[in-house]
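Participant: For reference, the file work_1.txt (compact mmCIF, C-alpha atoms) is included below:
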# COMPACT_ATOMS: atom_id res chain seq x y z
CA MET A 1 -7.61 -6.76 32.85
CA THR A 2 -10.67 -4.68 32.00
CA VAL A 3 -11.21 -1.09 33.07
CA HIS A 4 -14.16 -2.08 35.26
CA ALA A 5 -12.10 -4.74 37.02
CA VAL A 6 -9.39 -2.23 37.85
CA ARG A 7 -11.93 0.29 39.12
CA SER A 8 -13.42 -2.43 41.33
CA ALA A 9 -10.00 -3.23 42.73
CA VAL A 10 -9.29 0.42 43.45
CA ASP A 11 -12.71 0.75 45.15
CA GLY A 12 -11.92 -2.18 47.42
CA HIS A 13 -13.92 -4.93 45.72
CA ASP A 14 -12.49 -8.40 45.13
CA HIS A 15 -13.72 -8.95 41.58
CA VAL A 16 -10.26 -8.91 40.05
CA PRO A 17 -9.45 -11.74 37.61
CA GLN A 18 -6.54 -13.98 38.46
CA ALA A 19 -3.46 -13.85 36.27
CA LYS A 20 -3.20 -16.79 33.87
CA GLY A 21 -0.30 -17.83 31.71
CA ASN A 22 -0.78 -18.58 28.01
CA ILE A 23 1.89 -20.15 25.84
CA LEU A 24 0.26 -18.61 22.74
CA ASP A 25 0.79 -15.12 24.15
CA VAL A 26 4.47 -15.91 24.73
CA LEU A 27 4.87 -17.20 21.17
CA MET A 28 3.06 -14.21 19.69
CA LEU A 29 5.30 -11.85 21.63
CA GLN A 30 8.37 -13.64 20.27
CA PHE A 31 7.00 -13.56 16.72
CA HIS A 32 6.29 -9.85 17.16
CA VAL A 33 9.84 -9.01 18.23
CA ILE A 34 11.57 -11.25 15.67
CA ALA A 35 9.38 -10.03 12.80
CA ALA A 36 10.04 -6.40 13.77
CA VAL A 37 13.81 -6.97 13.73
CA PHE A 38 13.74 -8.64 10.30
CA TRP A 39 11.46 -5.90 8.99
CA LEU A 40 13.95 -3.21 10.02
CA LEU A 41 16.80 -5.18 8.44
CA SER A 42 14.79 -5.44 5.21
CA CYS A 43 14.18 -1.69 5.31
CA LEU A 44 17.94 -1.17 5.57
CA LEU A 45 18.56 -3.38 2.53
CA VAL A 46 16.01 -1.61 0.34
CA ALA A 47 17.46 1.74 1.43
CA LEU A 48 20.89 0.58 0.22
CA MET A 49 19.38 -0.10 -3.20
CA ALA A 50 17.13 2.97 -3.39
CA VAL A 51 19.24 5.93 -2.22
CA PRO A 52 22.08 6.83 -4.63
CA ALA A 53 24.44 7.91 -1.85
CA LEU A 54 23.82 4.71 0.11
CA ARG A 55 24.47 2.57 -2.98
CA LYS A 56 28.13 3.53 -2.60
CA LEU A 57 28.42 1.86 0.83
CA PRO A 58 28.17 -1.90 0.04
CA SER A 59 30.60 -3.74 -2.20
CA THR A 60 29.74 -4.18 -5.85
CA GLY A 61 29.18 -7.90 -5.42
CA PHE A 62 26.86 -7.45 -2.45
CA LEU A 63 24.88 -4.73 -4.22
CA HIS A 64 24.56 -6.96 -7.27
CA GLU A 65 23.23 -9.82 -5.13
CA LEU A 66 20.72 -7.47 -3.53
CA GLN A 67 19.50 -6.31 -6.92
CA VAL A 68 19.21 -9.82 -8.30
CA ARG A 69 17.28 -10.94 -5.20
CA ARG A 70 15.26 -7.75 -4.83
CA GLU A 71 11.94 -9.63 -5.04
CA LEU A 72 12.99 -11.82 -2.12
CA VAL A 73 14.08 -8.78 -0.10
CA THR A 74 10.82 -6.90 -0.70
CA GLY A 75 8.84 -10.09 -0.06
CA VAL A 76 10.51 -10.51 3.32
CA LEU A 77 9.93 -6.82 4.05
CA TRP A 78 6.17 -6.98 3.54
CA ALA A 79 5.78 -10.43 5.08
CA THR A 80 7.51 -9.30 8.27
CA PHE A 81 5.54 -6.04 8.23
CA ALA A 82 2.29 -8.03 8.11
CA VAL A 83 3.42 -10.42 10.86
CA THR A 84 4.50 -7.50 13.06
CA LEU A 85 1.19 -5.73 12.54
CA GLY A 86 -0.89 -8.87 13.05
CA SER A 87 0.91 -10.06 16.16
CA GLY A 88 0.86 -6.54 17.58
CA THR A 89 -2.90 -6.36 17.08
CA TYR A 90 -3.32 -9.69 18.86
CA LEU A 91 -1.20 -8.50 21.79
CA LEU A 92 -3.16 -5.25 21.93
CA PHE A 93 -6.32 -7.16 22.78
CA GLN A 94 -4.73 -9.90 24.87
CA GLN A 95 -1.81 -8.39 26.78
CA ALA A 96 -2.57 -4.68 27.20
CA ALA A 97 -3.05 -3.37 30.71
CA TYR A 98 -6.63 -2.29 29.92
CA ASP A 99 -9.17 -2.87 27.19
CA PRO A 100 -8.18 -0.77 24.15
CA PRO A 101 -10.21 2.44 23.84
CA PHE A 102 -11.85 3.27 20.52
CA SER A 103 -14.24 6.08 21.43
CA ALA A 104 -14.34 9.24 23.52
CA GLY A 105 -16.31 7.37 26.16
CA ASP A 106 -13.63 4.69 26.40
CA PHE A 107 -10.99 7.35 26.96
CA ASP A 108 -13.16 8.93 29.65
CA GLU A 109 -13.25 5.60 31.47
CA LEU A 110 -9.47 5.38 31.31
CA GLU A 111 -9.22 8.59 33.31
CA ALA A 112 -10.60 6.72 36.32
CA VAL A 113 -7.93 3.98 36.31
CA PRO A 114 -4.26 4.32 37.28
CA TYR A 115 -2.08 5.53 34.39
CA GLY A 116 -4.69 4.49 31.83
CA LEU A 117 -4.42 7.54 29.60
CA PRO A 118 -0.61 7.84 29.43
CA TYR A 119 -0.40 4.08 28.83
CA TYR A 120 -2.57 4.27 25.73
CA TYR A 121 -1.07 7.52 24.55
CA ALA A 122 2.28 5.73 24.40
CA LEU A 123 0.75 2.59 22.86
CA TYR A 124 -1.19 4.41 20.15
CA GLY A 125 1.82 6.61 19.50
CA LYS A 126 3.85 3.45 18.87
CA ILE A 127 1.23 2.17 16.41
CA ALA A 128 1.13 5.51 14.59
CA LEU A 129 4.91 5.57 14.22
CA PHE A 130 4.89 2.01 12.89
CA LEU A 131 2.33 2.86 10.21
CA ILE A 132 4.25 5.99 9.18
CA MET A 133 7.41 3.91 8.92
CA GLY A 134 5.48 1.44 6.77
CA ALA A 135 4.65 4.24 4.34
CA ALA A 136 8.33 5.27 4.26
CA SER A 137 9.41 1.69 3.56
CA LEU A 138 6.91 1.57 0.67
CA VAL A 139 8.56 4.61 -0.94
CA LEU A 140 12.01 3.07 -0.55
CA SER A 141 10.99 -0.38 -1.79
CA MET A 142 9.40 1.04 -4.95
CA GLU A 143 12.47 3.12 -5.78
CA ALA A 144 14.78 0.21 -4.89
CA ASN A 145 12.98 -1.99 -7.40
CA ARG A 146 13.25 0.66 -10.14
CA ALA A 147 16.92 1.39 -9.40
CA ALA A 148 17.79 -2.30 -9.37
CA GLN A 149 16.03 -2.90 -12.67
CA ARG A 150 17.82 0.02 -14.35
CA SER A 151 21.18 -1.02 -12.94
CA GLU A 152 20.87 -4.66 -13.95
CA ALA A 153 19.61 -3.69 -17.41
CA CYS A 154 22.88 -1.78 -17.89
CA GLY A 155 25.02 -4.72 -16.77
CA GLY A 156 24.83 -4.38 -13.00
CA PRO A 157 26.68 -2.07 -10.58
CA ALA A 158 30.23 -1.18 -11.62
CA GLU A 159 33.22 -0.54 -9.40
CA SER A 160 33.37 3.02 -10.74
CA GLU A 161 29.80 3.74 -9.56
CA ALA A 162 31.01 4.36 -6.02
CA GLY A 163 33.39 7.02 -7.26
CA PHE A 164 30.73 9.32 -8.68
CA ASP A 165 29.88 12.41 -6.65
CA ASP A 166 26.63 14.15 -7.46
CA ASP A 167 27.95 17.42 -6.05
CA GLU A 168 30.95 17.59 -8.38
CA ASP A 169 31.23 18.13 -12.12
CA TRP A 170 31.53 14.87 -14.03
CA LEU A 171 32.74 14.68 -17.59
CA ASP A 172 32.07 11.96 -20.13
CA GLU A 173 35.27 10.47 -21.41
CA GLU A 174 34.86 9.24 -24.95
CA VAL A 175 36.78 8.91 -28.16
CA LEU A 176 34.57 9.27 -31.21
CA PRO A 177 35.33 8.34 -34.82
CA ASP A 178 36.78 11.00 -37.05
CA GLY A 179 34.26 13.57 -38.17
CA VAL A 180 31.79 12.99 -35.30
CA PRO A 181 31.60 16.04 -33.01
CA ALA A 182 31.59 15.53 -29.27
CA ALA A 183 28.58 16.61 -27.23
CA PRO A 184 29.13 20.00 -25.58
CA ARG A 185 29.73 20.07 -21.85
CA GLY A 186 26.59 20.61 -19.83
CA SER A 187 24.25 19.61 -22.67
CA SER A 188 21.27 17.37 -22.13
CA ALA A 189 23.10 14.45 -23.73
CA VAL A 190 25.26 14.08 -20.66
CA GLU A 191 22.27 13.96 -18.34
CA ALA A 192 20.16 11.68 -20.52
CA GLU A 193 19.22 8.15 -19.56
CA PRO A 194 22.21 5.83 -19.96
CA VAL A 195 22.42 3.70 -23.08
CA GLU A 196 23.82 0.21 -23.42
CA PRO A 197 27.60 0.38 -23.89
CA VAL A 198 28.29 -0.26 -27.60
CA GLU A 199 31.68 -0.80 -29.22
CA ILE A 200 32.07 1.40 -32.27
CA GLY A 201 34.49 -0.71 -34.33
CA ALA A 202 37.77 0.67 -35.57
CA GLY A 203 38.69 4.04 -34.21
CA GLY A 204 35.95 4.06 -31.56
CA THR A 205 35.66 3.13 -27.91
CA LEU A 206 32.99 2.49 -25.31
CA GLN A 207 31.06 5.52 -24.08
CA ALA A 208 30.82 6.10 -20.32
CA THR A 209 27.62 7.58 -18.98
CA ARG A 210 26.43 8.83 -15.62
CA ALA A 211 24.42 6.43 -13.44
CA PRO A 212 20.66 7.03 -13.87
CA ALA A 213 19.06 9.51 -11.53
CA PRO A 214 16.32 8.19 -9.21
CA ARG A 215 12.75 8.75 -10.33
CA THR A 216 11.80 9.59 -6.75
CA SER A 217 13.41 12.83 -5.59
CA LYS A 218 16.45 12.50 -3.38
CA ALA A 219 14.79 14.64 -0.74
CA THR A 220 11.89 12.19 -0.55
CA LEU A 221 14.24 9.23 -0.32
CA TRP A 222 16.29 10.81 2.45
CA ALA A 223 13.10 11.83 4.26
CA SER A 224 11.98 8.19 4.13
CA VAL A 225 15.31 7.03 5.55
CA ALA A 226 15.09 9.66 8.31
CA THR A 227 11.52 8.57 9.06
CA LEU A 228 12.66 4.99 9.55
CA ALA A 229 15.60 6.00 11.75
CA VAL A 230 13.64 8.44 13.91
CA GLY A 231 10.62 6.14 14.00
CA ALA A 232 12.72 3.21 15.24
CA GLY A 233 14.02 5.35 18.08
CA GLY A 234 10.53 6.67 18.82
CA ILE A 235 9.08 3.17 18.96
CA GLY A 236 11.81 2.10 21.36
CA PHE A 237 10.96 5.07 23.59
CA CYS A 238 7.22 4.28 23.42
CA VAL A 239 7.88 0.65 24.36
CA THR A 240 9.80 1.84 27.40
CA LEU A 241 6.91 4.10 28.42
CA ILE A 242 4.38 1.30 27.87
CA LYS A 243 6.33 -1.05 30.10
CA TYR A 244 6.80 1.69 32.71
CA PHE A 245 3.11 2.67 32.87
CA HIS A 246 2.08 -0.98 32.85
CA GLU A 247 4.15 -1.67 35.95
CA LEU A 248 2.91 1.50 37.64
CA ALA A 249 -0.72 0.55 36.93
CA ARG A 250 -0.27 -2.91 38.47
CA ALA A 251 1.54 -1.47 41.45
CA ALA A 252 -1.20 1.12 42.01
CA VAL A 253 -3.90 -1.57 42.08
CA VAL A 254 -1.94 -3.71 44.53
CA TYR A 255 -1.26 -0.67 46.72
CA GLU A 256 -4.96 0.22 46.90
CA GLN A 257 -5.88 -3.35 47.78
CA LEU A 258 -3.31 -3.53 50.56
CA ARG A 259 -4.17 -0.08 51.89
CA ARG A 260 -7.86 -0.95 52.29
CA ARG A 261 -7.20 -4.13 54.29
Take the structure in the file and give it back as structure tokens.

Facilitator:
Amino acid sequence: MTVHAVRSAVDGHDHVPQAKGNILDVLMLQFHVIAAVFWLLSCLLVALMAVPALRKLPSTGFLHELQVRRELVTGVLWATFAVTLGSGTYLLFQQAAYDPPFSAGDFDELEAVPYGLPYYYALYGKIALFLIMGAASLVLSMEANRAAQRSEACGGPAESEAGFDDDEDWLDEEVLPDGVPAAPRGSSAVEAEPVEPVEIGAGGTLQATRAPAPRTSKATLWASVATLAVGAGGIGFCVTLIKYFHELARAAVVYEQLRRR
């Protein structure tokens, strides 16, 4: 329903378009909801691969499968993001209570219709949160790809990986051949990038190394996770407001029509 049609209804005119059903609108709404759910699930999976602390939650086998199929996971993430954005744009122009405003004049016209401004404040707030969450998912997906590549290059996730605690001191346990001095505790050798485990023949053993640190800072990764969590809740709240103001706008128009008769 256009802004002018609503203003005509409020003023007592009868130029209000009749409601018409459209199966395409129903399908697009379903695609929108389903794609959004799968997008959030994909965001959860990339977060499990990207954030070191979250990598400890799934089993080793499940984490290995995620890393091997990381291209599929990220492909689903961006495909569902595109479908959610595209279907949401379609619904914005086809199912919104009023024509979407894009200029200051359009917002001025919304002031004359019932609940026009709060309706679009909630709707545009939802879109803004979705785009911010998209940026957060990009950060996580990039780090997830790097972490998965490093992990698989070193033989995949190990059972002992879940036992590491970044807040505690961790010592390398190694037995070196006679005459080879051990690296001092706290030296850069302990914190260096991990090397492929190599067996040193007689008198030597495999060397254990710390899991590689993420190239993206942990603060950034956790901020991205928090953005997704808070954004999901914010979008749910905005959807509730959109539905609420939509119903109030329709009820206000009907009330004005009945009152003038």

Participant: Give me, as a list in words, all polymer residues having an atom no more than 10 Å from Phe81 in chain A, counting only C-alpha atoms and skipping those fewer than 4 positions away in the same chain.

Facilitator: His32, Ala35, Ala36, Val37, Phe38, Trp39, Leu40, Ser42, Gly75, Val76, Leu77, Leu85, Gly86, Phe130, Leu131, Gly134 and Ser137 of chain A

Participant: Between CA of Tyr124 in chain A and CA of Tyr244 in chain A, what is the spacing in Å?

Facilitator: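 About the pair CA of Tyr244 in chain A and CA of Tyr124 in chain A: they are 15.1 Å apart.
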
Participant: Put the listed atoms of range 214-232 of chain A in a box along x, y and z with 8 Å added on every side and give me the centre and edge lengths in Å to one decimal, as AutoDock Vina command-line options.

Facilitator:
--center_x 13.5 --center_y 8.9 --center_z 2.5 --size_x 21.8 --size_y 27.4 --size_z 41.6

Participant: Got a sec: who's within 10 Å of Ala135 in chain A, counting only C-alpha atoms, leaving out chain neighbours fewer than 6 positions off, as a PDB file with C-alpha atoms, in the frame of the given file?

Facilitator:
ATOM      1  CA  LEU A 129       4.910   5.570  14.220  1.00  0.00           C
ATOM      2  CA  SER A 141      10.990  -0.380  -1.790  1.00  0.00           C
ATOM      3  CA  SER A 224      11.980   8.190   4.130  1.00  0.00           C
ATOM      4  CA  THR A 227      11.520   8.570   9.060  1.00  0.00           C
ATOM      5  CA  LEU A 228      12.660   4.990   9.550  1.00  0.00           C
TER       6      LEU A 228
END

Participant: Enter the distance from CA of Glu65 in chain A to CA of Cys154 in chain A, in Å, rounded to one decimal.

Facilitator: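 One can read the CA of Glu65 in chain A to CA of Cys154 in chain A distance as 15.1 Å.
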
Participant: From the list A:Val51, A:Val68, A:Ala128, A:Ala112, which residue is nearest Glu152 in chain A when using all atoms listed in the file?

Facilitator: A:Val68

Participant: Give as a PyMOL selection string the set of residues within 12 Å of the point (11.9, -9.9, -4.1), where distances use the file's coordinates and all atoms listed in the file.

Facilitator: chain A and resi 42+45-46+65-79+141-142+144-145+148-149

Participant: Would you mind exporting C-alpha atoms of the selected residues as a compact mmCIF listing (two decimals), in the coordinates of the input?

Facilitator:
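Final output, saved to selection24.txt:
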# COMPACT_ATOMS: atom_id res chain seq x y z
CA SER A 42 14.79 -5.44 5.21
CA LEU A 45 18.56 -3.38 2.53
CA VAL A 46 16.01 -1.61 0.34
CA GLU A 65 23.23 -9.82 -5.13
CA LEU A 66 20.72 -7.47 -3.53
CA GLN A 67 19.50 -6.31 -6.92
CA VAL A 68 19.21 -9.82 -8.30
CA ARG A 69 17.28 -10.94 -5.20
CA ARG A 70 15.26 -7.75 -4.83
CA GLU A 71 11.94 -9.63 -5.04
CA LEU A 72 12.99 -11.82 -2.12
CA VAL A 73 14.08 -8.78 -0.10
CA THR A 74 10.82 -6.90 -0.70
CA GLY A 75 8.84 -10.09 -0.06
CA VAL A 76 10.51 -10.51 3.32
CA LEU A 77 9.93 -6.82 4.05
CA TRP A 78 6.17 -6.98 3.54
CA ALA A 79 5.78 -10.43 5.08
CA SER A 141 10.99 -0.38 -1.79
CA MET A 142 9.40 1.04 -4.95
CA ALA A 144 14.78 0.21 -4.89
CA ASN A 145 12.98 -1.99 -7.40
CA ALA A 148 17.79 -2.30 -9.37
CA GLN A 149 16.03 -2.90 -12.67

Participant: Pick from A:Ala47, A:Ile127, A:Ala251, A:Leu63: nearest to Ala226 in chain A, with all atoms listed in the file counted?

Facilitator: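 Closest to Ala226 in chain A, using all atoms listed in the file: A:Ala47.
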
Participant: What is the CA of Leu41 in chain A to CA of Glu143 in chain A distance in Å?

Facilitator: 17.0 Å

Participant: Using only C-alpha atoms, can you tell me which of A:Ala147, A:Thr80, A:Val139, A:Tyr121 comes closest to Arg55 in chain A?

Facilitator: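 Selected residue with least distance to Arg55 in chain A: A:Ala147.
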
Participant: Give me, as number ranges by chain, all polymer residues having an atom no more than 12 Å from Pro118 in chain A, counting only C-alpha atoms and skipping those fewer than 2 positions away in the same chain.

Facilitator: A: 97-98, 107, 110-111, 113-116, 120-125, 238, 241-246, 248-249

Participant: Counting all atoms listed in the file, figure out which residue out of A:Arg215, A:Leu117, A:Ile132, A:Met49 gets nearest to Ala229 in chain A.

Facilitator: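 Smallest distance to Ala229 in chain A is found for A:Ile132.
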
Participant: Find, counting all atoms listed in the file, the residue in A:Val254, A:Leu91, A:Val83, A:Ala50 that gets nearest to Ile34 in chain A.

Facilitator: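 That would be A:Val83, the residue with the smallest distance to Ile34 in chain A.
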
Participant: Determine the nearest neighbour of Cys43 in chain A from the options A:Glu256, A:Met133, A:Phe93, A:Gln30, counting all atoms listed in the file.

Facilitator: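 Checking each of A:Glu256, A:Met133, A:Phe93, A:Gln30 against Cys43 in chain A, counting all atoms listed in the file, the winner is A:Met133.
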